[in-house]
file query.txt (compact mmCIF, C-alpha atoms)
# COMPACT_ATOMS: atom_id res chain seq x y z
CA MET A 1 -11.41 -5.66 -27.16
CA ILE A 2 -9.70 -2.64 -25.57
CA SER A 3 -12.23 -2.58 -22.73
CA LEU A 4 -11.73 -6.33 -22.20
CA ILE A 5 -7.95 -5.84 -21.89
CA PHE A 6 -8.52 -2.87 -19.56
CA PHE A 7 -10.76 -4.82 -17.17
CA LEU A 8 -8.54 -7.91 -17.27
CA ALA A 9 -5.54 -5.71 -16.46
CA ILE A 10 -7.37 -4.19 -13.48
CA GLY A 11 -8.26 -7.73 -12.34
CA ALA A 12 -4.64 -8.84 -12.67
CA LEU A 13 -3.48 -5.78 -10.72
CA LEU A 14 -5.92 -6.56 -7.92
CA PHE A 15 -4.81 -10.18 -7.88
CA LEU A 16 -1.18 -9.08 -7.56
CA SER A 17 -2.12 -6.70 -4.74
CA LEU A 18 -3.92 -9.52 -2.90
CA PHE A 19 -0.97 -11.83 -3.37
CA LEU A 20 1.39 -9.24 -1.90
CA LEU A 21 -1.04 -8.54 0.93
CA ALA A 22 -1.24 -12.25 1.77
CA ARG A 23 2.57 -12.48 1.89
CA ARG A 24 2.97 -9.26 3.84
CA LYS A 25 4.70 -9.60 7.18
CA PRO A 26 3.78 -7.36 10.09
CA ARG A 27 6.14 -4.40 10.19
CA ALA A 28 7.48 -2.53 13.15
CA GLU A 29 5.43 0.38 14.37
CA GLY A 30 6.79 3.89 14.43
CA SER A 31 8.65 3.98 17.75
CA SER A 32 10.27 6.74 19.74
CA GLY A 33 13.53 5.82 17.99
CA ALA A 34 12.07 7.01 14.68
CA LEU A 35 12.57 10.70 15.45
CA VAL A 36 16.13 10.12 16.65
CA GLU A 37 16.87 8.00 13.58
CA ALA A 38 15.45 10.66 11.27
CA ARG A 39 17.46 13.40 12.96
CA GLN A 40 20.61 11.28 12.62
CA ALA A 41 19.86 10.61 8.95
CA LEU A 42 19.39 14.32 8.34
CA THR A 43 22.61 15.21 10.16
CA ALA A 44 24.49 12.50 8.28
CA LEU A 45 23.24 13.84 4.96
CA GLN A 46 23.75 17.53 5.67
CA ASP A 47 27.05 17.39 7.54
CA GLY A 48 28.65 14.18 6.38
CA LEU A 49 27.51 13.27 2.90
CA LEU A 50 26.17 16.27 1.04
CA PRO A 51 28.54 19.23 1.60
CA ALA A 52 29.50 20.53 -1.84
CA ALA A 53 33.22 20.28 -1.03
CA LEU A 54 32.95 16.58 -0.21
CA VAL A 55 30.86 15.76 -3.30
CA ARG A 56 33.34 17.70 -5.44
CA ARG A 57 36.27 15.87 -3.84
CA VAL A 58 34.76 12.38 -4.29
CA PHE A 59 34.05 13.02 -7.95
CA ALA A 60 36.97 15.44 -8.65
CA LYS A 61 38.42 15.02 -12.12
CA GLU A 62 41.53 17.07 -11.31
CA ASP A 63 42.86 14.26 -9.08
CA TRP A 64 42.43 11.80 -11.90
CA GLU A 65 44.12 14.13 -14.38
CA TYR A 66 47.08 14.53 -12.04
CA VAL A 67 47.40 10.75 -11.47
CA ARG A 68 47.01 10.08 -15.20
CA SER A 69 49.83 12.49 -16.08
CA GLU A 70 52.24 11.48 -13.29
CA ALA A 71 51.67 7.85 -12.27
CA PRO A 72 52.29 4.50 -14.01
CA LYS A 73 49.45 2.32 -15.33
CA ALA A 74 49.15 0.11 -12.21
CA VAL A 75 48.73 3.16 -9.96
CA ARG A 76 46.21 4.68 -12.37
CA GLU A 77 44.12 1.49 -12.29
CA LEU A 78 44.32 1.30 -8.52
CA PHE A 79 43.27 4.96 -8.26
CA VAL A 80 40.23 4.46 -10.51
CA ASP A 81 39.19 1.29 -8.63
CA GLU A 82 39.41 3.00 -5.28
CA ARG A 83 37.57 6.11 -6.46
CA ARG A 84 34.88 3.87 -7.94
CA SER A 85 34.47 2.01 -4.64
CA LEU A 86 34.38 5.31 -2.76
CA ALA A 87 31.72 6.75 -5.08
CA ILE A 88 29.57 3.62 -4.84
CA LEU A 89 29.90 3.64 -1.05
CA TRP A 90 28.92 7.32 -0.96
CA LEU A 91 25.86 6.64 -3.11
CA THR A 92 24.87 3.63 -0.96
CA GLN A 93 25.05 5.76 2.18
CA VAL A 94 23.07 8.59 0.61
CA ARG A 95 20.36 6.20 -0.56
CA ALA A 96 20.10 4.57 2.88
CA GLN A 97 19.70 7.97 4.57
CA ILE A 98 17.06 9.04 2.03
CA ARG A 99 15.12 5.86 2.78
CA SER A 100 15.39 6.51 6.48
CA LEU A 101 14.02 10.02 6.03
CA GLY A 102 11.22 8.71 3.81
CA ARG A 103 10.26 6.07 6.37
CA PHE A 104 10.16 8.66 9.09
CA HIS A 105 8.06 11.02 6.98
CA ARG A 106 5.50 8.31 6.14
CA GLY A 107 5.38 7.03 9.71
CA THR A 108 4.60 10.53 10.95
CA ALA A 109 2.40 11.82 8.12
CA ARG A 110 -0.09 8.94 8.39
CA HIS A 111 -1.31 10.33 11.75
CA TYR A 112 -2.01 13.85 10.52
CA ALA A 113 -5.63 14.57 9.66
CA ASN A 114 -4.61 17.62 7.64
CA LEU A 115 -2.45 15.58 5.31
CA ASN A 116 -2.46 16.90 1.76
CA PRO A 117 -2.81 13.97 -0.70
CA ARG A 118 -1.35 15.94 -3.62
CA LEU A 119 1.68 16.98 -1.60
CA GLU A 120 2.09 13.42 -0.40
CA LEU A 121 2.07 12.15 -3.96
CA ARG A 122 4.66 14.73 -4.96
CA LEU A 123 6.85 13.77 -2.01
CA ALA A 124 6.48 10.06 -2.81
CA VAL A 125 7.57 10.75 -6.39
CA SER A 126 10.51 12.86 -5.13
CA PHE A 127 11.73 10.15 -2.74
CA ALA A 128 11.34 7.48 -5.42
CA ALA A 129 13.13 9.64 -8.00
CA LEU A 130 16.04 10.34 -5.65
CA THR A 131 16.56 6.71 -4.62
CA GLY A 132 16.12 5.72 -8.27
CA ALA A 133 18.73 8.31 -9.34
CA CYS A 134 21.14 6.95 -6.73
CA SER A 135 20.64 3.40 -8.06
CA VAL A 136 21.16 4.53 -11.66
CA LEU A 137 24.30 6.42 -10.63
CA GLN A 138 25.62 3.36 -8.84
CA VAL A 139 25.23 1.30 -12.00
CA LEU A 140 26.80 4.06 -14.14
CA VAL A 141 29.75 4.44 -11.77
CA TYR A 142 30.22 0.68 -11.58
CA VAL A 143 30.17 0.31 -15.37
CA GLY A 144 31.79 3.54 -16.55
CA GLY A 145 33.93 4.62 -13.59
CA PRO A 146 33.62 7.47 -11.06
CA TYR A 147 33.71 10.29 -13.64
CA VAL A 148 30.98 9.02 -15.92
CA ALA A 149 28.12 11.38 -14.97
CA PRO A 150 29.34 14.50 -13.16
CA ARG A 151 26.26 16.52 -14.04
CA MET A 152 23.93 13.86 -12.68
CA VAL A 153 25.87 13.73 -9.42
CA GLY A 154 25.54 17.49 -9.09
CA ALA A 155 21.81 17.37 -9.84
CA VAL A 156 21.20 14.59 -7.29
CA ALA A 157 23.20 16.38 -4.60
CA GLY A 158 21.28 19.62 -5.30
CA ALA A 159 17.89 17.90 -5.18
CA LEU A 160 18.88 16.14 -1.98
CA GLN A 161 19.83 19.37 -0.29
CA GLY A 162 16.35 20.68 -1.14
CA ALA A 163 14.74 17.55 0.31
CA CYS A 164 16.85 17.89 3.46
CA LYS A 165 15.64 21.45 3.94
CA ILE A 166 12.00 20.30 3.77
CA SER A 167 12.69 17.43 6.19
CA GLU A 168 14.48 19.77 8.58
CA GLU A 169 11.44 22.05 8.67
CA SER A 170 9.22 19.03 9.27
CA LEU A 171 11.41 17.79 12.13
CA ALA A 172 11.58 21.26 13.65
CA PHE A 173 7.78 21.45 13.55
CA LEU A 174 7.47 18.07 15.26
CA ASN A 175 9.97 19.03 17.94
CA ALA A 176 8.11 22.27 18.57
CA ALA A 177 4.78 20.42 18.85
CA ARG A 178 6.26 17.98 21.33
CA LEU A 179 7.96 20.69 23.32
CA GLY A 180 4.54 22.36 23.56
CA THR A 181 3.05 19.12 24.91
CA LEU A 182 5.87 18.81 27.39
CA ALA A 183 5.48 22.42 28.55
CA GLY A 184 1.73 21.87 28.98
CA ALA A 185 2.34 18.75 31.02
CA THR A 186 4.90 20.55 33.22
CA ARG A 187 2.50 23.46 33.88
CA SER A 188 -0.34 21.09 34.84
CA MET B 1 -30.03 -29.67 -12.90
CA ASN B 2 -26.25 -29.46 -12.92
CA ILE B 3 -23.66 -29.04 -10.19
CA SER B 4 -23.49 -25.25 -10.48
CA HIS B 5 -27.20 -24.83 -9.75
CA TRP B 6 -27.37 -26.82 -6.53
CA ILE B 7 -24.18 -28.10 -4.96
CA VAL B 8 -21.98 -24.99 -5.19
CA PRO B 9 -24.65 -22.49 -4.01
CA GLY B 10 -25.85 -25.02 -1.41
CA PHE B 11 -22.33 -25.31 0.02
CA GLY B 12 -22.08 -21.53 -0.09
CA MET B 13 -25.28 -21.16 1.92
CA LEU B 14 -23.97 -23.61 4.50
CA LEU B 15 -20.77 -21.57 4.82
CA GLU B 16 -22.77 -18.34 5.09
CA LEU B 17 -24.84 -19.87 7.86
CA VAL B 18 -21.76 -21.02 9.77
CA LEU B 19 -20.16 -17.58 9.31
CA VAL B 20 -23.25 -15.82 10.68
CA LEU B 21 -23.49 -18.26 13.61
CA ARG B 22 -19.81 -17.68 14.45
CA GLY B 23 -20.42 -13.95 14.18
CA VAL B 24 -23.26 -14.19 16.71
CA ARG B 25 -21.38 -16.54 19.04
CA GLU B 26 -18.19 -14.42 19.07
CA ARG B 27 -20.19 -11.17 18.96
CA LEU B 28 -18.31 -10.19 15.84
CA TYR B 29 -21.46 -8.69 14.30
CA ARG B 30 -21.16 -5.81 16.75
CA LYS B 31 -17.66 -5.01 15.56
CA TYR B 32 -18.22 -5.70 11.87
CA TYR B 33 -21.90 -4.92 11.35
CA LEU B 34 -21.44 -3.76 7.74
CA PHE B 35 -19.70 -6.99 6.83
CA PHE B 36 -22.38 -9.14 8.47
CA SER B 37 -25.11 -7.05 6.80
CA TYR B 38 -23.52 -8.00 3.51
CA VAL B 39 -23.30 -11.71 4.39
CA ILE B 40 -26.94 -11.76 5.54
CA SER B 41 -28.08 -9.92 2.40
CA VAL B 42 -26.25 -12.49 0.24
CA MET B 43 -27.73 -15.34 2.25
CA LEU B 44 -31.28 -13.99 1.91
CA SER B 45 -30.89 -13.37 -1.80
CA SER B 46 -29.54 -16.93 -2.23
CA VAL B 47 -32.59 -18.31 -0.42
CA VAL B 48 -34.93 -16.31 -2.66
CA LEU B 49 -33.13 -17.37 -5.84
CA ILE B 50 -33.02 -21.04 -4.91
CA ALA B 51 -36.72 -20.92 -4.01
CA VAL B 52 -37.52 -19.28 -7.35
CA LEU B 53 -35.43 -21.87 -9.20
CA ALA B 54 -37.08 -24.76 -7.34
CA MET B 55 -40.63 -23.53 -7.83
CA THR B 56 -40.43 -22.61 -11.51
CA SER B 57 -39.44 -24.84 -14.37
CA GLY B 58 -38.02 -22.09 -16.62
CA HIS B 59 -35.14 -19.72 -16.01
CA GLU B 60 -36.97 -16.54 -17.05
CA LEU B 61 -38.31 -15.74 -13.58
CA TYR B 62 -34.91 -16.60 -12.09
CA HIS B 63 -33.21 -14.04 -14.31
CA GLN B 64 -35.86 -11.45 -13.45
CA TRP B 65 -34.97 -11.86 -9.78
CA TYR B 66 -31.26 -12.42 -10.23
CA TRP B 67 -30.14 -8.96 -11.36
CA PRO B 68 -32.05 -6.83 -8.81
CA LEU B 69 -30.82 -9.07 -6.00
CA GLN B 70 -27.30 -9.05 -7.38
CA PHE B 71 -27.44 -5.26 -7.44
CA VAL B 72 -28.55 -5.19 -3.78
CA THR B 73 -25.62 -7.41 -2.73
CA LEU B 74 -23.27 -5.32 -4.85
CA VAL B 75 -24.36 -2.17 -3.01
CA THR B 76 -24.08 -3.85 0.40
CA GLY B 77 -20.65 -5.07 -0.76
CA TYR B 78 -19.51 -1.45 -0.69
CA GLY B 79 -20.21 -1.70 3.05
CA ILE B 80 -17.32 -4.18 3.33
CA LEU B 81 -15.01 -1.60 1.77
CA LEU B 82 -16.22 0.98 4.28
CA GLU B 83 -15.73 -1.54 7.08
CA ILE B 84 -12.13 -2.12 5.99
CA LEU B 85 -11.52 1.60 5.65
CA ASN B 86 -12.97 2.30 9.11
CA HIS B 87 -11.08 -0.44 10.94
CA VAL B 88 -7.71 -0.36 9.21
CA LEU B 89 -7.24 3.35 8.61
CA ALA B 90 -9.27 4.97 11.42
CA PRO B 91 -6.21 5.34 13.73
CA TYR B 92 -4.32 6.99 10.86
CA PRO B 93 -6.31 10.09 9.82
CA GLY B 94 -3.68 11.15 7.30
CA ALA B 95 -3.59 7.82 5.50
CA GLU B 96 -7.38 7.59 5.65
CA ARG B 97 -7.69 11.00 4.01
CA PHE B 98 -5.32 9.88 1.28
CA ALA B 99 -7.28 6.64 0.71
CA ARG B 100 -10.62 8.45 0.59
CA ALA B 101 -9.29 10.95 -1.95
CA MET B 102 -8.05 8.06 -4.07
CA GLY B 103 -11.37 6.18 -3.76
CA VAL B 104 -13.39 9.22 -4.80
CA THR B 105 -11.04 9.81 -7.76
CA ALA B 106 -11.33 6.15 -8.85
CA PHE B 107 -15.11 6.24 -8.57
CA GLY B 108 -15.29 9.51 -10.51
CA ALA B 109 -13.03 8.19 -13.25
CA ILE B 110 -14.98 4.95 -13.72
CA PHE B 111 -18.30 6.80 -13.44
CA CYS B 112 -17.26 9.11 -16.28
CA PHE B 113 -15.91 6.20 -18.29
CA ALA B 114 -18.93 3.93 -17.84
CA LEU B 115 -21.94 6.18 -17.65
CA ILE B 116 -21.17 9.49 -19.28
CA ALA B 117 -18.85 8.49 -22.14
CA PRO B 118 -21.35 6.22 -23.98
CA ARG B 119 -23.92 9.01 -23.95
CA ILE B 120 -21.69 11.72 -25.33
CA MET B 121 -19.90 9.52 -27.84
CA PRO B 122 -21.60 9.57 -31.27
CA HIS B 123 -21.66 5.77 -31.70
CA GLY B 124 -22.10 4.91 -28.06
CA SER B 125 -24.76 2.51 -26.88
CA PRO B 126 -26.32 2.26 -23.44
CA GLY B 127 -24.58 -0.43 -21.38
CA THR B 128 -26.20 -3.72 -20.41
CA VAL B 129 -26.79 -4.89 -16.85
CA ILE B 130 -23.66 -7.06 -17.09
CA GLU B 131 -21.55 -4.09 -18.19
CA PHE B 132 -22.98 -1.98 -15.37
CA GLU B 133 -22.07 -4.61 -12.78
CA ARG B 134 -18.63 -5.01 -14.37
CA ASP B 135 -18.04 -1.25 -14.06
CA LEU B 136 -19.10 -1.19 -10.42
CA ARG B 137 -16.86 -4.18 -9.68
CA CYS B 138 -14.05 -2.31 -11.40
CA VAL B 139 -14.53 0.63 -9.00
CA GLN B 140 -14.31 -1.81 -6.09
CA ALA B 141 -11.18 -3.40 -7.57
CA ILE B 142 -9.46 -0.04 -8.03
CA PHE B 143 -10.48 0.96 -4.52
CA ILE B 144 -8.92 -2.17 -3.00
CA CYS B 145 -5.74 -1.68 -5.07
CA GLY B 146 -5.56 1.91 -3.82
CA LEU B 147 -6.18 0.79 -0.26
CA PHE B 148 -3.37 -1.75 -0.55
CA ALA B 149 -1.06 0.94 -1.95
CA VAL B 150 -1.84 3.24 1.01
CA ILE B 151 -1.42 0.42 3.55
CA SER B 152 1.94 -0.56 2.05
CA TYR B 153 3.21 2.99 1.58
CA TYR B 154 2.45 4.11 5.13
CA ALA B 155 3.47 0.69 6.60
CA ILE B 156 0.11 0.28 8.33
CA PRO B 157 -0.25 -2.97 10.26
CA ILE B 158 -3.31 -5.07 9.45
CA GLY B 159 -4.87 -7.67 11.75
CA LYS B 160 -6.06 -11.17 10.91
CA ASN B 161 -9.78 -10.27 10.70
CA MET B 162 -9.22 -7.35 8.36
CA LYS B 163 -6.65 -9.16 6.24
CA GLY B 164 -9.09 -12.02 5.72
CA MET B 165 -11.91 -9.61 4.92
CA VAL B 166 -9.83 -7.86 2.25
CA LEU B 167 -8.47 -11.11 0.78
CA GLY B 168 -11.86 -12.84 0.67
CA TYR B 169 -13.70 -9.96 -0.89
CA GLY B 170 -10.80 -9.13 -3.18
CA LEU B 171 -10.69 -12.68 -4.56
CA TYR B 172 -14.41 -12.56 -5.28
CA ILE B 173 -14.06 -9.19 -7.00
CA VAL B 174 -11.13 -10.40 -9.14
CA THR B 175 -13.16 -13.38 -10.37
CA SER B 176 -16.32 -11.33 -10.85
CA LEU B 177 -14.57 -8.56 -12.72
CA MET B 178 -12.70 -10.90 -15.04
CA SER B 179 -15.66 -13.18 -15.72
CA LEU B 180 -18.02 -10.23 -16.27
CA ALA B 181 -15.51 -8.65 -18.67
CA VAL B 182 -15.20 -11.88 -20.65
CA ARG B 183 -18.97 -12.49 -20.51
CA SER B 184 -19.58 -8.97 -21.78
CA TYR B 185 -17.14 -9.55 -24.65
CA ALA B 186 -17.91 -13.18 -25.57
CA GLY B 187 -21.68 -13.14 -25.01
CA THR B 188 -23.87 -16.04 -23.90
CA THR B 189 -21.34 -18.67 -25.04
CA PHE B 190 -19.42 -17.94 -21.82
CA ASP B 191 -22.49 -18.56 -19.64
CA SER B 192 -21.65 -22.22 -18.93
CA VAL B 193 -18.27 -21.23 -17.46
CA TRP B 194 -19.61 -18.13 -15.75
CA ASN B 195 -22.40 -20.07 -13.98
CA VAL B 196 -19.78 -22.25 -12.27
CA VAL B 197 -16.94 -19.78 -11.71
CA GLN B 198 -19.01 -17.01 -10.09
CA PRO B 199 -20.58 -19.06 -7.23
CA LEU B 200 -17.44 -21.17 -6.81
CA SER B 201 -15.26 -18.09 -6.26
CA PHE B 202 -17.76 -16.85 -3.69
CA ASP B 203 -17.49 -20.17 -1.84
CA VAL B 204 -13.69 -19.73 -1.76
CA SER B 205 -14.17 -16.22 -0.33
CA LEU B 206 -16.52 -17.61 2.32
CA VAL B 207 -13.90 -20.17 3.36
CA VAL B 208 -11.30 -17.38 3.66
CA TRP B 209 -13.71 -15.30 5.77
CA LEU B 210 -14.62 -18.24 7.95
CA VAL B 211 -10.96 -18.93 8.75
CA ALA B 212 -10.06 -15.25 9.27
CA LEU B 213 -13.18 -14.37 11.27
CA TRP B 214 -13.38 -17.49 13.40
CA SER B 215 -12.65 -15.34 16.44
CA TYR B 216 -12.14 -11.65 17.15
CA CYS B 217 -8.66 -10.39 16.44
CA PRO B 218 -8.44 -6.60 16.79
CA ASN B 219 -6.42 -4.55 14.38
CA PRO B 220 -3.09 -3.41 15.88
CA VAL B 221 -3.41 0.05 17.42
CA PRO B 222 -0.51 2.43 16.80
CA GLY B 223 1.43 3.94 19.66
CA HIS B 224 2.00 7.26 17.92
CA ASN B 225 2.05 9.53 20.95
CA ILE B 226 5.81 9.81 21.05
CA HIS B 227 6.90 12.09 23.85
CA LEU B 228 10.11 14.01 23.97
CA GLU B 229 11.10 12.18 27.16
CA GLU B 230 10.89 8.85 25.34
CA ASP B 231 13.03 10.24 22.51
CA TYR B 232 15.53 11.41 25.04
CA GLU B 233 15.48 8.01 26.76
CA ALA B 234 16.10 6.29 23.45
CA LEU B 235 19.01 8.63 22.75
CA VAL B 236 20.48 8.05 26.23
CA THR B 237 20.17 4.27 25.79
CA ARG B 238 22.00 4.45 22.48
CA THR B 239 24.71 6.71 23.83
CA LYS B 240 25.18 4.46 26.87
CA SER B 241 25.55 1.47 24.56
CA VAL B 242 28.18 3.28 22.46
CA MET B 243 30.05 4.42 25.62
CA SER B 244 30.04 0.88 26.97
CA THR B 245 31.51 -0.42 23.71
CA ILE B 246 34.22 2.28 23.73
CA ARG B 247 35.05 1.49 27.39
CA THR B 248 35.39 -2.20 26.52
CA TYR B 249 37.82 -1.38 23.70
CA LEU B 250 39.78 1.01 25.93
CA GLY B 251 40.01 -1.66 28.62
CA LYS B 252 41.36 -4.14 26.07
CA ALA B 253 43.87 -1.55 24.78
CA ARG B 254 45.16 -0.87 28.34
CA ALA B 255 45.51 -4.57 28.98

call {"tool": "encode", "arguments": {"input": "query.txt", "output": "structure tokens"}}
result
Amino acid sequence: MISLIFFLAIGALLFLSLFLLARRKPRAEGSSGALVEARQALTALQDGLLPAALVRRVFAKEDWEYVRSEAPKAVRELFVDERRSLAILWLTQVRAQIRSLGRFHRGTARHYANLNPRLELRLAVSFAALTGACSVLQVLVYVGGPYVAPRMVGAVAGALQGACKISEESLAFLNAARLGTLAGATRS
Amino acid sequence: MNISHWIVPGFGMLLELVLVLRGVRERLYRKYYLFFSYVISVMLSSVVLIAVLAMTSGHELYHQWYWPLQFVTLVTGYGILLEILNHVLAPYPGAERFARAMGVTAFGAIFCFALIAPRIMPHGSPGTVIEFERDLRCVQAIFICGLFAVISYYAIPIGKNMKGMVLGYGLYIVTSLMSLAVRSYAGTTFDSVWNVVQPLSFDVSLVVWLVALWSYCPNPVPGHNIHLEEDYEALVTRTKSVMSTIRTYLGKARA
């Protein structure tokens, strides 16, 4: 019975794959804009969205404590609503930039013969975990307010900074390779 | 004789013939020789089986011929998977490497599960021919699922010919795998359903192939040689667009 369920499940999985393949629309090829877009995503993350001071400020509890002790109820509610919106917006931006970096990585990696399948799997899991964490945080912030999971915010920001470092090395390598091609072409 | 013994396979043979003729006329056999080898092997085995069935009154001789020929077509069916791999992933060496690693892992896992486990398990019994075919179909199913995962993950474009080839063969494998699994579990009581479902699903696959492979439609080739100049041009275009927008706003502000 277990083997029957196993084979039927594999069949169902294949059927689902075929269904999705039949519905699949042709997607845009990796264009010259991809590198620029990836560089912009990286800059946006490193300079605009991930600096520790900014993350601390968006999720700072001290501000809330000050407002709670000094301001009336209406102001307190307004403050929490605005901080919630700000935190959700920050998370949306971060998730969009992660996706952009992921798209760029996949679009580039598929051409490399020396691709390491194990490393690719690990990267895929990392990208999925980060975007998943952003989604979970968005729900938590929406439901429980901007100060619901400070540790998780810190962990996500830390993991993202690590991912940015890897992406930066990857982009630097690509730029170097292309500069080499350009230099070769100029010499010839 | 019932419908499953004559009409469904007869229609299938007609479709196979049309597919081969289209392949010759459009010179598709040169591009997809592994696929057409498979179709021709299926067509020849169908001819042999129908001849055996017509010449003998009993089904014993038919069954003696059925399984070896089925095994031959199953092996040539792996050629279709290679064909898909070669055409879809050849321009993407990285993705191809990933797909091959996944295919080898899937084959190894099923091989261990199907062939080695029954021999080392204390109460294991050697598998039947049906179970063996089911296991090999399972490898093909996992391979196609893996291929789809790689194609989706790396956003690889797939042309009409290749899409049809994957869909047609995939549909046949889904039906085969599920019907073989149920046949293996339920025994000969499922034979009446199996005898209709198996050839009928193959006819559906042939229709899909005929539509998809009516004419040659090459798989999209990637333009991955991005040069620094092009990146620069893209950046300049974007900057110019932003500058133009700013100028427009400044003009409005002055006015």

call {"tool": "closest_residue", "arguments": {"input": "query.txt", "among": "A:Gln138, A:Thr131, A:Asn116, A:Ser69", "to": "chain B", "atoms": "only C-alpha atoms"}}
result
A:Asn116

call {"tool": "atom_distance", "arguments": {"input": "query.txt", "atom1": "atom CA of A:Ser17", "atom2": "atom CA of B:Cys145"}}
result
6.2 Å

call {"tool": "atom_distance", "arguments": {"input": "query.txt", "atom1": "atom CA of B:Arg137", "atom2": "atom CA of B:Ser176"}}
result
7.3 Å

call {"tool": "residues_around", "arguments": {"input": "query.txt", "residues": "B:Leu210", "least_positions_apart": "3", "cutoff": "12 Å", "atoms": "only C-alpha atoms", "output": "ChimeraX atom specification"}}
result
/B:12,14-23,28,36,39,160-161,164-165,167-168,203-207,213-216

call {"tool": "atom_distance", "arguments": {"input": "query.txt", "atom1": "atom CA of B:Ile50", "atom2": "atom CA of B:Arg30"}}
result
29.0 Å

call {"tool": "residues_around", "arguments": {"input": "query.txt", "residues": "stretch 87-91 of chain B", "least_positions_apart": "5", "cutoff": "9 Å", "atoms": "only C-alpha atoms", "output": "list in words"}}
result
Arg110 and His111 of chain A; Tyr32, Leu82, Glu96, Arg97, Ala99, Ile151, Ile156, Pro157, Ile158, Gly159, Met162, Pro218, Asn219, Pro220, Val221 and Pro222 of chain B

call {"tool": "closest_residue", "arguments": {"input": "query.txt", "among": "A:Thr108, A:Gln93, A:Ser85, A:Ser100", "to": "chain B", "atoms": "all atoms listed in the file"}}
result
A:Thr108

call {"tool": "build_atoms", "arguments": {"input": "query.txt", "residues": "stretch 5-20 of chain B", "atoms": "N, CA and C atoms", "output": "PDB file, in the frame of the given file"}}
result
ATOM      1  N   HIS B   5     -25.912 -25.345 -10.223  1.00  0.00           N
ATOM      2  CA  HIS B   5     -27.200 -24.830  -9.750  1.00  0.00           C
ATOM      3  C   HIS B   5     -27.539 -25.239  -8.328  1.00  0.00           C
ATOM      4  N   TRP B   6     -26.972 -26.333  -7.849  1.00  0.00           N
ATOM      5  CA  TRP B   6     -27.370 -26.820  -6.530  1.00  0.00           C
ATOM      6  C   TRP B   6     -26.221 -26.990  -5.548  1.00  0.00           C
ATOM      7  N   ILE B   7     -25.207 -27.742  -5.945  1.00  0.00           N
ATOM      8  CA  ILE B   7     -24.180 -28.100  -4.960  1.00  0.00           C
ATOM      9  C   ILE B   7     -23.348 -26.888  -4.539  1.00  0.00           C
ATOM     10  N   VAL B   8     -22.852 -26.139  -5.519  1.00  0.00           N
ATOM     11  CA  VAL B   8     -21.980 -24.990  -5.190  1.00  0.00           C
ATOM     12  C   VAL B   8     -22.739 -23.926  -4.388  1.00  0.00           C
ATOM     13  N   PRO B   9     -23.929 -23.481  -4.846  1.00  0.00           N
ATOM     14  CA  PRO B   9     -24.650 -22.490  -4.010  1.00  0.00           C
ATOM     15  C   PRO B   9     -25.089 -23.076  -2.667  1.00  0.00           C
ATOM     16  N   GLY B  10     -25.428 -24.379  -2.665  1.00  0.00           N
ATOM     17  CA  GLY B  10     -25.850 -25.020  -1.410  1.00  0.00           C
ATOM     18  C   GLY B  10     -24.711 -25.010  -0.389  1.00  0.00           C
ATOM     19  N   PHE B  11     -23.508 -25.339  -0.856  1.00  0.00           N
ATOM     20  CA  PHE B  11     -22.330 -25.310   0.020  1.00  0.00           C
ATOM     21  C   PHE B  11     -22.062 -23.873   0.490  1.00  0.00           C
ATOM     22  N   GLY B  12     -22.253 -22.951  -0.422  1.00  0.00           N
ATOM     23  CA  GLY B  12     -22.080 -21.530  -0.090  1.00  0.00           C
ATOM     24  C   GLY B  12     -23.040 -21.099   1.009  1.00  0.00           C
ATOM     25  N   MET B  13     -24.287 -21.539   0.900  1.00  0.00           N
ATOM     26  CA  MET B  13     -25.280 -21.160   1.920  1.00  0.00           C
ATOM     27  C   MET B  13     -24.920 -21.742   3.278  1.00  0.00           C
ATOM     28  N   LEU B  14     -24.397 -22.961   3.242  1.00  0.00           N
ATOM     29  CA  LEU B  14     -23.970 -23.610   4.500  1.00  0.00           C
ATOM     30  C   LEU B  14     -22.834 -22.781   5.144  1.00  0.00           C
ATOM     31  N   LEU B  15     -21.890 -22.379   4.308  1.00  0.00           N
ATOM     32  CA  LEU B  15     -20.770 -21.570   4.820  1.00  0.00           C
ATOM     33  C   LEU B  15     -21.261 -20.221   5.357  1.00  0.00           C
ATOM     34  N   GLU B  16     -22.199 -19.624   4.636  1.00  0.00           N
ATOM     35  CA  GLU B  16     -22.770 -18.340   5.090  1.00  0.00           C
ATOM     36  C   GLU B  16     -23.419 -18.503   6.454  1.00  0.00           C
ATOM     37  N   LEU B  17     -24.154 -19.606   6.595  1.00  0.00           N
ATOM     38  CA  LEU B  17     -24.840 -19.870   7.860  1.00  0.00           C
ATOM     39  C   LEU B  17     -23.831 -20.030   9.002  1.00  0.00           C
ATOM     40  N   VAL B  18     -22.789 -20.806   8.745  1.00  0.00           N
ATOM     41  CA  VAL B  18     -21.760 -21.020   9.770  1.00  0.00           C
ATOM     42  C   VAL B  18     -21.086 -19.687  10.138  1.00  0.00           C
ATOM     43  N   LEU B  19     -20.817 -18.883   9.094  1.00  0.00           N
ATOM     44  CA  LEU B  19     -20.160 -17.580   9.310  1.00  0.00           C
ATOM     45  C   LEU B  19     -21.038 -16.679  10.190  1.00  0.00           C
ATOM     46  N   VAL B  20     -22.332 -16.659   9.886  1.00  0.00           N
ATOM     47  CA  VAL B  20     -23.250 -15.820  10.680  1.00  0.00           C
ATOM     48  C   VAL B  20     -23.332 -16.342  12.111  1.00  0.00           C
TER      49      VAL B  20
END
